[in-house]
>>> print(open('query.pdb').read())   # PDB, C-alpha atoms, pLDDT in the B column
ATOM      1  CA  LEU A 745      71.976 124.963  58.623  1.00 89.00           C
ATOM      2  CA  CYS A 746      69.508 122.768  60.488  1.00 85.00           C
ATOM      3  CA  LEU A 747      67.953 125.766  62.223  1.00 87.00           C
ATOM      4  CA  ALA A 748      67.621 127.625  58.906  1.00 88.00           C
ATOM      5  CA  ALA A 749      65.942 124.586  57.341  1.00 89.00           C
ATOM      6  CA  ALA A 750      63.623 124.275  60.329  1.00 86.00           C
ATOM      7  CA  LYS A 751      62.665 127.931  60.096  1.00 89.00           C
ATOM      8  CA  LYS A 752      61.982 127.668  56.377  1.00 91.00           C
ATOM      9  CA  THR A 753      59.991 124.417  56.540  1.00 92.00           C
ATOM     10  CA  GLY A 754      58.373 124.651  59.971  1.00 86.00           C
ATOM     11  CA  VAL A 755      59.913 121.333  60.992  1.00 87.00           C
ATOM     12  CA  ARG A 756      61.273 121.229  64.523  1.00 88.00           C
ATOM     13  CA  ALA A 757      65.015 120.549  64.467  1.00 90.00           C
ATOM     14  CA  ARG A 758      67.110 119.587  67.442  1.00 90.00           C
ATOM     15  CA  VAL A 759      70.850 119.371  67.003  1.00 92.00           C
ATOM     16  CA  LEU A 760      72.373 117.550  69.944  1.00 95.00           C
ATOM     17  CA  ARG A 761      76.153 117.769  70.189  1.00 95.00           C
ATOM     18  CA  VAL A 762      77.308 115.030  72.537  1.00 95.00           C
ATOM     19  CA  GLY A 763      80.474 115.341  74.634  1.00 92.00           C
ATOM     20  CA  GLN A 764      82.727 112.623  76.101  1.00 92.00           C
ATOM     21  CA  ILE A 765      80.571 109.575  76.787  1.00 94.00           C
ATOM     22  CA  VAL A 766      81.890 107.267  79.503  1.00 95.00           C
ATOM     23  CA  ALA A 767      80.861 104.106  81.335  1.00 95.00           C
ATOM     24  CA  ASP A 768      77.315 103.657  82.571  1.00 94.00           C
ATOM     25  CA  THR A 769      76.648 104.440  86.233  1.00 92.00           C
ATOM     26  CA  VAL A 770      75.258 100.990  87.109  1.00 93.00           C
ATOM     27  CA  HIS A 771      77.647  98.433  85.610  1.00 93.00           C
ATOM     28  CA  GLY A 772      80.650 100.522  84.587  1.00 92.00           C
ATOM     29  CA  VAL A 773      80.599  99.190  81.026  1.00 94.00           C
ATOM     30  CA  TRP A 774      82.817 101.325  78.812  1.00 92.00           C
ATOM     31  CA  ASN A 775      84.081 100.549  75.327  1.00 90.00           C
ATOM     32  CA  ALA A 776      87.496  99.074  76.135  1.00 86.00           C
ATOM     33  CA  THR A 777      88.916 100.174  72.765  1.00 90.00           C
ATOM     34  CA  GLU A 778      88.448 103.901  73.441  1.00 93.00           C
ATOM     35  CA  ALA A 779      91.457 106.041  74.310  1.00 95.00           C
ATOM     36  CA  ILE A 780      90.613 106.798  77.941  1.00 94.00           C
ATOM     37  CA  PRO A 781      89.965 103.185  79.047  1.00 93.00           C
ATOM     38  CA  LEU A 782      93.101 102.136  77.173  1.00 95.00           C
ATOM     39  CA  MET A 783      95.071 104.875  78.898  1.00 96.00           C
ATOM     40  CA  MET A 784      93.808 103.712  82.295  1.00 94.00           C
ATOM     41  CA  GLN A 785      94.720 100.112  81.415  1.00 93.00           C
ATOM     42  CA  SER A 786      98.311 101.284  81.058  1.00 95.00           C
ATOM     43  CA  ALA A 787      98.381 101.422  84.857  1.00 96.00           C
ATOM     44  CA  LEU A 788      98.337  97.612  84.632  1.00 94.00           C
ATOM     45  CA  THR A 789     100.477  97.066  81.548  1.00 95.00           C
ATOM     46  CA  VAL A 790     103.006  99.901  81.826  1.00 96.00           C
ATOM     47  CA  GLY A 791     102.773 100.560  85.563  1.00 97.00           C
ATOM     48  CA  ALA A 792     102.294 104.280  85.061  1.00 98.00           C
ATOM     49  CA  LEU A 793      99.691 106.940  84.327  1.00 98.00           C
ATOM     50  CA  PRO A 794     100.320 110.511  83.208  1.00 97.00           C
ATOM     51  CA  ARG A 795      99.773 113.546  85.400  1.00 96.00           C
ATOM     52  CA  LEU A 796      97.631 115.617  83.068  1.00 95.00           C
ATOM     53  CA  GLN A 797      96.583 119.202  83.601  1.00 92.00           C
ATOM     54  CA  GLU A 798      93.169 118.468  82.124  1.00 93.00           C
ATOM     55  CA  SER A 799      89.689 119.067  83.496  1.00 93.00           C
ATOM     56  CA  PRO A 800      87.487 116.562  81.675  1.00 94.00           C
ATOM     57  CA  SER A 801      83.701 116.657  81.729  1.00 93.00           C
ATOM     58  CA  TRP A 802      82.585 113.061  81.394  1.00 95.00           C
ATOM     59  CA  THR A 803      78.968 112.056  80.997  1.00 96.00           C
ATOM     60  CA  PRO A 804      77.889 108.461  81.706  1.00 96.00           C
ATOM     61  CA  VAL A 805      76.196 106.783  78.749  1.00 96.00           C
ATOM     62  CA  ASP A 806      72.948 106.177  80.662  1.00 96.00           C
ATOM     63  CA  VAL A 807      72.759 109.883  81.513  1.00 97.00           C
ATOM     64  CA  ILE A 808      73.361 110.759  77.825  1.00 97.00           C
ATOM     65  CA  ALA A 809      70.563 108.376  76.785  1.00 97.00           C
ATOM     66  CA  LYS A 810      68.128 109.954  79.248  1.00 98.00           C
ATOM     67  CA  ALA A 811      69.165 113.466  78.215  1.00 97.00           C
ATOM     68  CA  VAL A 812      68.698 112.759  74.499  1.00 97.00           C
ATOM     69  CA  THR A 813      65.252 111.308  75.214  1.00 97.00           C
ATOM     70  CA  GLU A 814      64.247 114.185  77.481  1.00 97.00           C
ATOM     71  CA  ILE A 815      65.366 116.859  75.013  1.00 96.00           C
ATOM     72  CA  SER A 816      63.860 115.053  72.023  1.00 94.00           C
ATOM     73  CA  LEU A 817      60.489 114.642  73.709  1.00 94.00           C
ATOM     74  CA  SER A 818      60.458 118.092  75.331  1.00 95.00           C
ATOM     75  CA  ASP A 819      58.487 121.119  74.245  1.00 91.00           C
ATOM     76  CA  ALA A 820      61.693 122.799  73.070  1.00 90.00           C
ATOM     77  CA  GLY A 821      61.502 124.417  69.710  1.00 90.00           C
ATOM     78  CA  SER A 822      64.366 124.103  67.265  1.00 91.00           C
ATOM     79  CA  VAL A 823      67.551 124.131  69.340  1.00 93.00           C
ATOM     80  CA  VAL A 824      71.234 123.379  69.237  1.00 93.00           C
ATOM     81  CA  ALA A 825      72.348 121.851  72.540  1.00 95.00           C
ATOM     82  CA  ASN A 826      75.651 120.603  73.910  1.00 96.00           C
ATOM     83  CA  VAL A 827      74.750 117.383  75.685  1.00 97.00           C
ATOM     84  CA  THR A 828      77.663 117.051  78.063  1.00 96.00           C
ATOM     85  CA  ASN A 829      78.242 117.252  81.778  1.00 96.00           C
ATOM     86  CA  ALA A 830      78.519 120.816  83.048  1.00 95.00           C
ATOM     87  CA  LYS A 831      80.669 119.534  85.915  1.00 95.00           C
ATOM     88  CA  SER A 832      84.344 118.821  85.350  1.00 94.00           C
ATOM     89  CA  PHE A 833      87.078 117.331  87.510  1.00 95.00           C
ATOM     90  CA  SER A 834      90.853 117.330  87.707  1.00 95.00           C
ATOM     91  CA  TRP A 835      92.581 114.399  85.992  1.00 96.00           C
ATOM     92  CA  THR A 836      95.544 114.551  88.391  1.00 96.00           C
ATOM     93  CA  ASP A 837      93.894 115.662  91.632  1.00 97.00           C
ATOM     94  CA  ASP A 838      90.632 113.683  91.353  1.00 97.00           C
ATOM     95  CA  LEU A 839      90.937 110.792  88.890  1.00 97.00           C
ATOM     96  CA  LEU A 840      94.405 109.481  89.745  1.00 97.00           C
ATOM     97  CA  PRO A 841      93.657 109.182  93.498  1.00 97.00           C
ATOM     98  CA  ALA A 842      90.287 107.548  92.699  1.00 97.00           C
ATOM     99  CA  LEU A 843      92.035 105.007  90.452  1.00 97.00           C
ATOM    100  CA  ARG A 844      94.402 104.183  93.338  1.00 96.00           C
ATOM    101  CA  GLU A 845      91.432 103.866  95.689  1.00 96.00           C
ATOM    102  CA  ALA A 846      89.888 101.464  93.151  1.00 95.00           C
ATOM    103  CA  GLY A 847      92.940  99.236  93.567  1.00 94.00           C
ATOM    104  CA  LEU A 848      95.255 100.228  90.721  1.00 95.00           C
ATOM    105  CA  GLN A 849      98.940 100.600  91.502  1.00 96.00           C
ATOM    106  CA  PHE A 850     100.985 102.867  89.231  1.00 97.00           C
ATOM    107  CA  ASP A 851     103.631 105.543  89.069  1.00 98.00           C
ATOM    108  CA  GLU A 852     102.451 109.077  88.381  1.00 98.00           C
ATOM    109  CA  VAL A 853     104.698 110.489  85.691  1.00 97.00           C
ATOM    110  CA  GLY A 854     104.773 113.443  83.344  1.00 96.00           C
ATOM    111  CA  PRO A 855     102.997 113.015  80.003  1.00 97.00           C
ATOM    112  CA  LYS A 856     106.216 112.717  77.969  1.00 97.00           C
ATOM    113  CA  GLU A 857     107.601 110.104  80.362  1.00 97.00           C
ATOM    114  CA  TRP A 858     104.350 108.149  80.177  1.00 98.00           C
ATOM    115  CA  VAL A 859     104.513 108.116  76.359  1.00 97.00           C
ATOM    116  CA  ARG A 860     108.163 106.987  76.542  1.00 97.00           C
ATOM    117  CA  ARG A 861     107.257 104.133  78.912  1.00 97.00           C
ATOM    118  CA  LEU A 862     104.316 103.147  76.733  1.00 98.00           C
ATOM    119  CA  ARG A 863     106.468 103.047  73.596  1.00 97.00           C
ATOM    120  CA  GLU A 864     109.077 100.923  75.408  1.00 97.00           C
ATOM    121  CA  SER A 865     106.490  98.507  76.824  1.00 96.00           C
ATOM    122  CA  SER A 866     105.376  95.224  75.273  1.00 96.00           C
ATOM    123  CA  GLN A 867     104.377  95.579  71.626  1.00 96.00           C
ATOM    124  CA  ASP A 868     101.888  92.703  72.007  1.00 97.00           C
ATOM    125  CA  ALA A 869      98.476  94.378  71.614  1.00 95.00           C
ATOM    126  CA  VAL A 870      96.733  91.447  73.293  1.00 94.00           C
ATOM    127  CA  ALA A 871      98.892  91.627  76.438  1.00 94.00           C
ATOM    128  CA  ASN A 872      99.229  95.418  76.258  1.00 96.00           C
ATOM    129  CA  PRO A 873      96.125  96.941  74.586  1.00 95.00           C
ATOM    130  CA  PRO A 874      97.204 100.602  75.108  1.00 96.00           C
ATOM    131  CA  ILE A 875     100.109 100.064  72.685  1.00 97.00           C
ATOM    132  CA  LYS A 876      97.561 100.186  69.833  1.00 96.00           C
ATOM    133  CA  LEU A 877      97.155 103.923  70.420  1.00 97.00           C
ATOM    134  CA  ALA A 878     100.795 104.792  71.123  1.00 97.00           C
ATOM    135  CA  ASP A 879     101.005 107.130  68.108  1.00 97.00           C
ATOM    136  CA  PHE A 880      97.747 108.848  69.051  1.00 97.00           C
ATOM    137  CA  PHE A 881      98.875 109.296  72.657  1.00 97.00           C
ATOM    138  CA  ALA A 882     102.246 110.606  71.473  1.00 96.00           C
ATOM    139  CA  SER A 883     100.525 113.191  69.261  1.00 95.00           C
ATOM    140  CA  LYS A 884      98.606 114.472  72.298  1.00 94.00           C
ATOM    141  CA  TYR A 885     101.082 114.110  75.142  1.00 95.00           C
ATOM    142  CA  ASP A 886     104.664 113.887  73.839  1.00 94.00           C
ATOM    143  CA  LYS A 887     105.178 117.643  74.076  1.00 90.00           C
ATOM    144  CA  ASP A 888     106.074 120.327  76.574  1.00 85.00           C
ATOM    145  CA  THR A 889     103.083 122.677  76.410  1.00 86.00           C
ATOM    146  CA  PHE A 890      99.373 121.979  76.462  1.00 87.00           C
ATOM    147  CA  GLY A 891      96.350 124.088  75.738  1.00 84.00           C
ATOM    148  CA  PRO A 892      93.552 124.608  78.242  1.00 82.00           C
ATOM    149  CA  SER A 893      90.719 122.105  78.616  1.00 80.00           C
ATOM    150  CA  ARG A 894      87.650 123.010  76.603  1.00 84.00           C
ATOM    151  CA  THR A 895      84.352 123.851  78.202  1.00 88.00           C
ATOM    152  CA  TYR A 896      80.966 123.879  76.543  1.00 92.00           C
ATOM    153  CA  GLU A 897      77.840 125.928  77.103  1.00 95.00           C
ATOM    154  CA  THR A 898      75.265 123.433  78.392  1.00 96.00           C
ATOM    155  CA  SER A 899      72.403 125.624  79.634  1.00 96.00           C
ATOM    156  CA  VAL A 900      70.100 124.814  76.694  1.00 96.00           C
ATOM    157  CA  ALA A 901      70.514 121.056  77.158  1.00 97.00           C
ATOM    158  CA  ARG A 902      70.201 121.276  80.938  1.00 97.00           C
ATOM    159  CA  THR A 903      67.024 123.376  80.626  1.00 97.00           C
ATOM    160  CA  PHE A 904      65.269 120.539  78.803  1.00 97.00           C
ATOM    161  CA  SER A 905      66.984 117.615  80.537  1.00 97.00           C
ATOM    162  CA  PRO A 906      66.745 117.219  84.311  1.00 97.00           C
ATOM    163  CA  SER A 907      68.982 114.133  84.028  1.00 97.00           C
ATOM    164  CA  LEU A 908      71.782 116.135  82.443  1.00 96.00           C
ATOM    165  CA  ASP A 909      71.304 118.997  84.885  1.00 96.00           C
ATOM    166  CA  GLU A 910      71.763 116.513  87.753  1.00 95.00           C
ATOM    167  CA  ALA A 911      74.564 114.493  86.089  1.00 95.00           C
ATOM    168  CA  PRO A 912      77.106 113.278  88.616  1.00 91.00           C
ATOM    169  CA  VAL A 913      80.691 114.424  88.620  1.00 90.00           C
ATOM    170  CA  LEU A 914      83.406 111.798  88.916  1.00 91.00           C
ATOM    171  CA  ASP A 915      83.395 110.037  92.294  1.00 89.00           C
ATOM    172  CA  PRO A 916      85.410 107.111  93.735  1.00 91.00           C
ATOM    173  CA  LEU A 917      82.480 104.651  93.636  1.00 93.00           C
ATOM    174  CA  PHE A 918      81.920 105.295  89.926  1.00 93.00           C
ATOM    175  CA  VAL A 919      85.647 104.859  89.265  1.00 94.00           C
ATOM    176  CA  LYS A 920      85.636 101.515  91.133  1.00 94.00           C
ATOM    177  CA  THR A 921      82.726 100.381  88.968  1.00 93.00           C
ATOM    178  CA  PHE A 922      84.456 100.979  85.632  1.00 92.00           C
ATOM    179  CA  VAL A 923      87.880  99.816  86.852  1.00 92.00           C
ATOM    180  CA  LYS A 924      86.302  96.513  87.896  1.00 90.00           C
ATOM    181  CA  GLN A 925      84.863  96.187  84.363  1.00 87.00           C
ATOM    182  CA  PHE A 926      88.123  96.720  82.502  1.00 81.00           C
ATOM    183  CA  GLN A 927      90.069  94.478  84.873  1.00 81.00           C
TER     184      GLN A 927
END
>>> encode(input="query.pdb", output="structure tokens")
Amino acid sequence: LCLAAAKKTGVRARVLRVGQIVADTVHGVWNATEAIPLMMQSALTVGALPRLQESPSWTPVDVIAKAVTEISLSDAGSVVANVTNAKSFSWTDDLLPALREAGLQFDEVGPKEWVRRLRESSQDAVANPPIKLADFFASKYDKDTFGPSRTYETSVARTFSPSLDEAPVLDPLFVKTFVKQFQ
């Protein structure tokens, strides 16, 4: 629709579809009320994290900000671009060990078991913030089969954004930074 309007009016339109935004690379600040930080906090409150067969592509907020600026100020014509990290990682094989390396102690359990433990944990949302999303987590993880992780075509965005093209993949130092923030 935007591209059709741009073609008809001559206005340059840029539709930027942003993926999963995570903590910034410098300070590790991440909205503590989002699902993923709450899930990671369950390592502290429930003593467990789920083994997920997911391959997330997280993009730090400062990289997103640079990418949006670079694409917006570029010489690109009217484009639709997926502004998300082209690099993914394994939740179980990469993130869980990095969380341990960052100092968290937790049991690795199956998704259904993690939901069960969460539901049976303290109902006090102040002491146990992840409990606020128990129903949401149950809708995603209290089942036996899971679909594949989604991937997005990012070549248009990466063409006009060097920052996005060079976006880092998850590494232990970055994980330590955001774990320190939520602790």
>>> resolve_selection(input="query.pdb", expression="the PyMOL selection byres ((chain A and resi 779-782) around 10)", output="list in words")
Gln764, Val766, Ala767, Trp774, Asn775, Ala776, Thr777, Glu778, Met783, Met784, Gln785, Ser786, Ala787, Thr789, Asn872, Pro873, Pro874, Ile875, Lys876, Leu877, Ala878, Phe880, Phe881, Phe922, Val923 and Phe926 of chain A
>>> write_last_selection(input="query.pdb", atoms="C-alpha atoms", output="compact mmCIF listing (two decimals), in the frame of the given file")
# COMPACT_ATOMS: atom_id res chain seq x y z
CA GLN A 764 82.73 112.62 76.10
CA VAL A 766 81.89 107.27 79.50
CA ALA A 767 80.86 104.11 81.33
CA TRP A 774 82.82 101.32 78.81
CA ASN A 775 84.08 100.55 75.33
CA ALA A 776 87.50 99.07 76.14
CA THR A 777 88.92 100.17 72.76
CA GLU A 778 88.45 103.90 73.44
CA MET A 783 95.07 104.88 78.90
CA MET A 784 93.81 103.71 82.30
CA GLN A 785 94.72 100.11 81.42
CA SER A 786 98.31 101.28 81.06
CA ALA A 787 98.38 101.42 84.86
CA THR A 789 100.48 97.07 81.55
CA ASN A 872 99.23 95.42 76.26
CA PRO A 873 96.12 96.94 74.59
CA PRO A 874 97.20 100.60 75.11
CA ILE A 875 100.11 100.06 72.68
CA LYS A 876 97.56 100.19 69.83
CA LEU A 877 97.16 103.92 70.42
CA ALA A 878 100.80 104.79 71.12
CA PHE A 880 97.75 108.85 69.05
CA PHE A 881 98.88 109.30 72.66
CA PHE A 922 84.46 100.98 85.63
CA VAL A 923 87.88 99.82 86.85
CA PHE A 926 88.12 96.72 82.50
>>> atom_distance(input="query.pdb", atom1="atom CA of A:Phe850", atom2="atom CA of A:Ala830")
29.4 Å
>>> residues_around(input="query.pdb", residues="stretch 894-896 of chain A", least_positions_apart="2", cutoff="8 Å", atoms="only C-alpha atoms", output="PyMOL selection string")
chain A and resi 826+828+830+892+898
>>> write_last_selection(input="query.pdb", atoms="C-alpha atoms", output="compact mmCIF listing (two decimals), in the frame of the given file")
# COMPACT_ATOMS: atom_id res chain seq x y z
CA ASN A 826 75.65 120.60 73.91
CA THR A 828 77.66 117.05 78.06
CA ALA A 830 78.52 120.82 83.05
CA PRO A 892 93.55 124.61 78.24
CA THR A 898 75.26 123.43 78.39
>>> resolve_selection(input="query.pdb", expression="the PyMOL selection byres ((chain A and resi 810-817) around 8)", output="JSON, numbers by chain")
{"A": [758, 760, 806, 807, 808, 809, 818, 819, 820, 827, 901, 904, 905, 906, 907, 908]}
>>> atom_distance(input="query.pdb", atom1="atom CA of A:Ile765", atom2="atom CA of A:Trp802")
6.1 Å
>>> resolve_selection(input="query.pdb", expression="the PyMOL selection byres ((chain A and resi 769-771) around 7)", output="ChimeraX atom specification")
/A:767-768,772-773,804,806,918,921
>>> atom_distance(input="query.pdb", atom1="atom CA of A:Gly854", atom2="atom CA of A:Gln867")
21.4 Å
>>> closest_residue(input="query.pdb", among="A:Pro841, A:Gly891, A:Gly791, A:Pro916", to="A:Glu864", atoms="all atoms listed in the file")
A:Gly791
>>> closest_residue(input="query.pdb", among="A:Leu862, A:Val759, A:Val913, A:Val824", to="A:Ala882", atoms="all atoms listed in the file")
A:Leu862
>>> residues_around(input="query.pdb", residues="A:Glu845", least_positions_apart="3", cutoff="10 Å", atoms="only C-alpha atoms", output="compact mmCIF listing (two decimals) with C-alpha atoms, keeping the file's coordinate frame")
# COMPACT_ATOMS: atom_id res chain seq x y z
CA LEU A 839 90.94 110.79 88.89
CA LEU A 840 94.40 109.48 89.74
CA PRO A 841 93.66 109.18 93.50
CA ALA A 842 90.29 107.55 92.70
CA LEU A 848 95.26 100.23 90.72
CA GLN A 849 98.94 100.60 91.50
CA PRO A 916 85.41 107.11 93.74
CA LEU A 917 82.48 104.65 93.64
CA VAL A 919 85.65 104.86 89.26
CA LYS A 920 85.64 101.52 91.13
>>> closest_residue(input="query.pdb", among="A:Ala869, A:Asp888, A:Val859, A:Asp915", to="A:Leu793", atoms="all atoms listed in the file")
A:Val859
